[in-house]
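Novice: Let me give you the structure first, and then I'll get to my questions.
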Amino acid sequence: MIWSRALWLAASVLVGLCIVLLWQLAADARLVSPVFLPGPDKAWAALERGFASGELLDKVLGTVGRMVWGWLLASLLGIGLGALIGISPAARAYLGPTLEFLRPLPASAIVPVAIAFLGLSEGMVLVVIGFGALWPMLLATVHGFAAVEPRLYEVSRALGLSRWEVIGKIALPNALPDIFAGLRLGLTVALILAVVGEMLASREGLGLWILLSARAFRAPDLFAGVILLGLIGLVSAALLSSVERYALRWRTPVH
Amino acid sequence: MSGWRGLVVPAGVLIAAELAARATAMQSDSLARPSDIAIAGAAALVDGTMLRATAQTLAAAFAGLAIGAGLGLAFGILLGLFRTASRLAAFSVEAFRPIPSVALIPIVLLIFGFGYRMEIAIVAFATFWPILILTRAAIAGIEPRLLEVSRALGFGLGRRVAKIVLPAALPRLFVAFRLAVGIALIVAVTVEITGNTLGLGYALMDAQQSLRPALMFALLLWVGLVGWGLNAALLWAQARLFGPAAAVEAAP
């Protein structure tokens, strides 16, 4: 079983490598102008050059830092507020429709508002990331708290638990799968908004790096930046998944 | 429905903002009185600028969605029907999917320059992945006996997809489509905010840069209204067309 899985994984990695090889062949044959599509060899060389000079590492750290801070801010706020709203039917009735209205609002649409108040500053970028990542977290938490089996609340009342004990012992563990779904979505949103914020406010990071590389027609540097952004997305999602598996290990798999 | 209670908070916020602005005789480049926002919004609606910007954004969003969802559906069906293909593609899908769509803006900008084509390409990339993943899951979740029946009837691939697979997976495909419409709108506005001189996102940036906060807030509310309206219309259609069959939310 484990062997066949490893074999399939190896085969699928091989398919991925074949795609890179095709990309190399297409670039070598100049099917597409090298201004738009440098080969993977050139992109790799740009990566090596960037990391050797330490320049790219700074950009990666800038983007990751921004993304993580905004995301943490949004997570704490979103889960806290979501718990308060989710646990109380009255708060849900008063605030629910407003939240539902704001849910499909593109987070980037508040960029102009944030610029109007904070200018093209680091704080503006953080506020935009935090605001954008807040909604998935808040709504998922509200939903998770609202979806707790009512009998569990009855049990907690019978046991005479206080409000905080109800949140900590009953509601929060039950809402955890929803909260993790929100955390995962929030992470994606945070990375996207970090890139958008860097591009608009010219803050040091991969977003600005790829924009400037494109303006200077340095396509290999541009592709190196895009590859790194993809890696950041991949690694952050994988880390979160392993935390999730650990935190939810008490759940018996339903399927 | 708890109708009126949902209106208390937004109405209270608006009234409080109006009173506060009047009490302090506010003069600001970044804030505006709710009454001024309403007037600016009505004016932009009447002179057609807001509707034109909306049409531009929606045109780019739906053109991109058509390409992204079409390709995603095709690949999703392929990967959902053939387990071998799905396993072989797993690594590539997981490696390409996390690339944030906005990271492609500079690349696409080099190729197409500003305009519709660039925005459409980015929306197509952004909607391709969720549609692919959700279609694959929807197809893989089809009752296996239905596929056995199609084999027993000697259907070819085309007829199998048209007569058995698509109808069986339709409710979950619609849920995927609804999610993708939301993503398409979000990505279109984001691309416009980051520099494309089209649509609602550009109108928002323009209102901010020309220091017209009332128009900026009116546009922000309008963007929210458009997103909410689209989602509500699709939710209604989903309940109407599929009823409880679509209530099984397609888990990614």
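Each chain in the structure tokens gets a letter, A, B and so on, in the order shown; residues start at 1 in every chain, and ligands are counted from 1 in the order they appear.
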Using only C-alpha atoms, what does the table of stretch 134-198 of chain B residues within 8 Å of stretch 58-80 of chain B look like, with each row giving the shortest atom pair and its distance in Å to one decimal, sorted by chain and ascending number, as a Markdown table?
Specialist:
| residue | atom | partner | partner_atom | distance |
| --- | --- | --- | --- | --- |
| B:Leu134 | CA | B:Gly76 | CA | 7.6 |
| B:Thr135 | CA | B:Gly76 | CA | 4.9 |
| B:Arg136 | CA | B:Gly80 | CA | 4.3 |
| B:Ala137 | CA | B:Gly80 | CA | 6.7 |
| B:Ala138 | CA | B:Gly80 | CA | 7.6 |
| B:Ile139 | CA | B:Gly80 | CA | 5.0 |
| B:Ala140 | CA | B:Gly80 | CA | 5.0 |
| B:Phe177 | CA | B:Ala69 | CA | 7.7 |
| B:Ala180 | CA | B:Leu65 | CA | 7.3 |
| B:Val181 | CA | B:Leu65 | CA | 7.1 |
| B:Ala184 | CA | B:Ala61 | CA | 5.1 |
| B:Leu185 | CA | B:Ala61 | CA | 5.6 |
| B:Val187 | CA | B:Ala61 | CA | 7.8 |
| B:Ala188 | CA | B:Ala61 | CA | 5.6 |
Novice: Using only C-alpha atoms, which chain A residues lie at most 8 Å away from chain B, written as a short mmCIF file (atom, residue, chain, number, x, y, z; two decimals) with C-alpha atoms, in the first residue's frame?
Specialist:
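Contents of the output file part_20.cif:
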data_model
loop_
_atom_site.label_atom_id
_atom_site.label_comp_id
_atom_site.auth_asym_id
_atom_site.auth_seq_id
_atom_site.Cartn_x
_atom_site.Cartn_y
_atom_site.Cartn_z
CA TRP A 8 2.52 6.93 -7.82
CA LEU A 9 4.12 9.96 -6.18
CA ALA A 11 5.48 8.91 -11.29
CA SER A 12 3.60 12.17 -10.78
CA VAL A 13 6.84 14.00 -9.92
CA VAL A 15 5.27 14.03 -15.05
CA GLY A 16 6.00 17.39 -13.41
CA PHE A 36 8.07 36.63 -22.20
CA ALA A 93 -29.53 37.93 14.29
CA TYR A 94 -28.28 41.53 14.50
CA LEU A 95 -24.91 41.13 12.77
CA GLY A 96 -25.42 38.13 10.50
CA PRO A 97 -27.00 39.96 7.53
CA THR A 98 -24.32 42.68 7.60
CA PHE A 101 -23.41 41.39 2.75
CA LEU A 102 -19.71 42.04 3.29
CA ARG A 103 -18.64 38.45 2.55
CA PRO A 104 -18.49 38.67 -1.27
CA LEU A 105 -16.86 42.13 -1.20
CA PRO A 106 -13.46 41.88 -2.89
CA ALA A 107 -10.92 42.58 -0.14
CA SER A 108 -8.78 44.54 -2.59
CA ALA A 109 -11.63 47.04 -2.99
CA ILE A 110 -10.75 48.53 0.38
CA VAL A 111 -7.22 49.31 -0.84
CA PRO A 112 -8.24 52.83 -2.01
CA VAL A 113 -9.95 53.49 1.33
CA ILE A 115 -4.65 54.51 1.02
CA ALA A 116 -6.90 57.50 1.71
CA PHE A 117 -6.39 57.07 5.46
CA THR A 188 -4.25 32.43 0.54
CA LEU A 191 -0.44 36.17 0.30
CA ILE A 192 -2.42 37.71 -2.57
CA VAL A 195 1.69 41.00 -3.27
CA VAL A 196 -0.95 43.59 -4.27
CA MET A 199 3.02 46.49 -5.89
CA LEU A 200 0.85 49.50 -5.04
CA GLY A 207 5.46 41.69 -5.31
CA ILE A 210 8.38 40.96 -9.98
CA LEU A 211 6.81 44.27 -10.99
CA ALA A 214 8.88 43.08 -15.65
CA LEU A 222 10.39 37.83 -12.91
CA VAL A 226 6.76 33.99 -9.38
CA ILE A 227 8.26 30.56 -8.58
CA LEU A 229 5.63 33.11 -4.54
CA GLY A 230 4.23 29.73 -5.58
CA LEU A 231 6.61 28.03 -3.14
CA GLY A 233 1.92 29.44 -0.99
CA LEU A 234 2.73 25.73 -1.15
#
Novice: Can you tell me, as an mmCIF file with C-alpha atoms, in the first residue's frame, what residues are no more than 6 Å from stretch 19-29 of chain A when counting only C-alpha atoms, ignoring any on the same chain fewer than 2 positions away?
Specialist:
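Saved result, out_19.cif, follows:
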data_model
loop_
_atom_site.group_PDB
_atom_site.id
_atom_site.type_symbol
_atom_site.label_atom_id
_atom_site.label_comp_id
_atom_site.auth_asym_id
_atom_site.auth_seq_id
_atom_site.Cartn_x
_atom_site.Cartn_y
_atom_site.Cartn_z
ATOM 1 C CA GLY A 16 5.998 17.390 -13.414
ATOM 2 C CA LEU A 17 9.630 17.176 -14.524
ATOM 3 C CA LEU A 31 8.465 29.108 -29.773
ATOM 4 C CA GLY A 39 13.734 28.780 -20.036
ATOM 5 C CA PRO A 40 13.785 27.084 -16.640
#
Novice: Find the distance between atom CA of B:Thr57 and atom CA of B:Gly199 and write it in Å to one decimal.
Specialist: 4.7 Å
Novice: In terms of the shortest atom-to-atom distance over only C-alpha atoms, which of A:Val64, A:Lys169, A:Ala194, A:Phe180 is closest to A:Ser242?
Specialist: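 Of A:Val64, A:Lys169, A:Ala194, A:Phe180, the one nearest A:Ser242 is A:Phe180, counting only C-alpha atoms.
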Novice: Mind pulling up the distance from atom CA of A:Ile129 to atom CA of A:Leu240?
Specialist: 18.0 Å
Novice: If DSSP is run on the backbone, what residues of stretch 99-161 of chain A are alpha helix (DSSP H)? A reply as a PyMOL selection string would be ideal.
Specialist: chain A and resi 99-102+111-118+122-146+150-158
Novice: Could you save those same residues with C-alpha atoms as a PDB file, in the first residue's frame?
Specialist:
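Dumped everything to selection_17.pdb:
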ATOM      1  CA  LEU A  99     -21.587  40.023   7.595  1.00  0.00           C
ATOM      2  CA  GLU A 100     -23.280  38.173   4.746  1.00  0.00           C
ATOM      3  CA  PHE A 101     -23.414  41.387   2.752  1.00  0.00           C
ATOM      4  CA  LEU A 102     -19.706  42.041   3.292  1.00  0.00           C
ATOM      5  CA  VAL A 111      -7.219  49.312  -0.839  1.00  0.00           C
ATOM      6  CA  PRO A 112      -8.241  52.828  -2.011  1.00  0.00           C
ATOM      7  CA  VAL A 113      -9.948  53.495   1.329  1.00  0.00           C
ATOM      8  CA  ALA A 114      -6.862  52.308   3.217  1.00  0.00           C
ATOM      9  CA  ILE A 115      -4.653  54.511   1.021  1.00  0.00           C
ATOM     10  CA  ALA A 116      -6.903  57.499   1.711  1.00  0.00           C
ATOM     11  CA  PHE A 117      -6.390  57.071   5.461  1.00  0.00           C
ATOM     12  CA  LEU A 118      -2.877  55.696   5.778  1.00  0.00           C
ATOM     13  CA  GLU A 122       3.639  49.752   5.537  1.00  0.00           C
ATOM     14  CA  GLY A 123       0.678  50.129   7.899  1.00  0.00           C
ATOM     15  CA  MET A 124      -1.672  50.427   4.935  1.00  0.00           C
ATOM     16  CA  VAL A 125      -0.449  47.115   3.514  1.00  0.00           C
ATOM     17  CA  LEU A 126      -0.839  45.392   6.884  1.00  0.00           C
ATOM     18  CA  VAL A 127      -4.339  46.784   7.397  1.00  0.00           C
ATOM     19  CA  VAL A 128      -5.397  45.597   3.941  1.00  0.00           C
ATOM     20  CA  ILE A 129      -3.965  42.103   4.537  1.00  0.00           C
ATOM     21  CA  GLY A 130      -5.542  41.947   7.968  1.00  0.00           C
ATOM     22  CA  PHE A 131      -8.919  43.159   6.770  1.00  0.00           C
ATOM     23  CA  GLY A 132      -8.964  40.820   3.779  1.00  0.00           C
ATOM     24  CA  ALA A 133      -7.945  37.753   5.769  1.00  0.00           C
ATOM     25  CA  LEU A 134     -10.335  38.633   8.600  1.00  0.00           C
ATOM     26  CA  TRP A 135     -13.563  37.756   6.760  1.00  0.00           C
ATOM     27  CA  PRO A 136     -12.937  34.101   5.939  1.00  0.00           C
ATOM     28  CA  MET A 137     -11.807  33.564   9.540  1.00  0.00           C
ATOM     29  CA  LEU A 138     -14.694  35.477  11.107  1.00  0.00           C
ATOM     30  CA  LEU A 139     -17.403  33.859   8.988  1.00  0.00           C
ATOM     31  CA  ALA A 140     -15.991  30.352   9.395  1.00  0.00           C
ATOM     32  CA  THR A 141     -15.811  30.785  13.170  1.00  0.00           C
ATOM     33  CA  VAL A 142     -19.357  32.153  13.387  1.00  0.00           C
ATOM     34  CA  HIS A 143     -20.543  29.231  11.287  1.00  0.00           C
ATOM     35  CA  GLY A 144     -18.602  26.714  13.368  1.00  0.00           C
ATOM     36  CA  PHE A 145     -20.005  28.054  16.625  1.00  0.00           C
ATOM     37  CA  ALA A 146     -23.526  28.256  15.260  1.00  0.00           C
ATOM     38  CA  PRO A 150     -27.721  22.046  20.416  1.00  0.00           C
ATOM     39  CA  ARG A 151     -27.774  19.073  22.767  1.00  0.00           C
ATOM     40  CA  LEU A 152     -24.162  19.804  23.692  1.00  0.00           C
ATOM     41  CA  TYR A 153     -25.250  23.246  24.896  1.00  0.00           C
ATOM     42  CA  GLU A 154     -28.024  21.588  26.901  1.00  0.00           C
ATOM     43  CA  VAL A 155     -25.482  19.260  28.471  1.00  0.00           C
ATOM     44  CA  SER A 156     -23.259  22.203  29.360  1.00  0.00           C
ATOM     45  CA  ARG A 157     -26.215  23.954  30.975  1.00  0.00           C
ATOM     46  CA  ALA A 158     -27.016  20.806  32.951  1.00  0.00           C
TER      47      ALA A 158
END
Novice: Between atom CA of A:Leu176 and atom CA of B:Ile131, what is the distance, to one decimal in Å?
Specialist: 26.1 Å
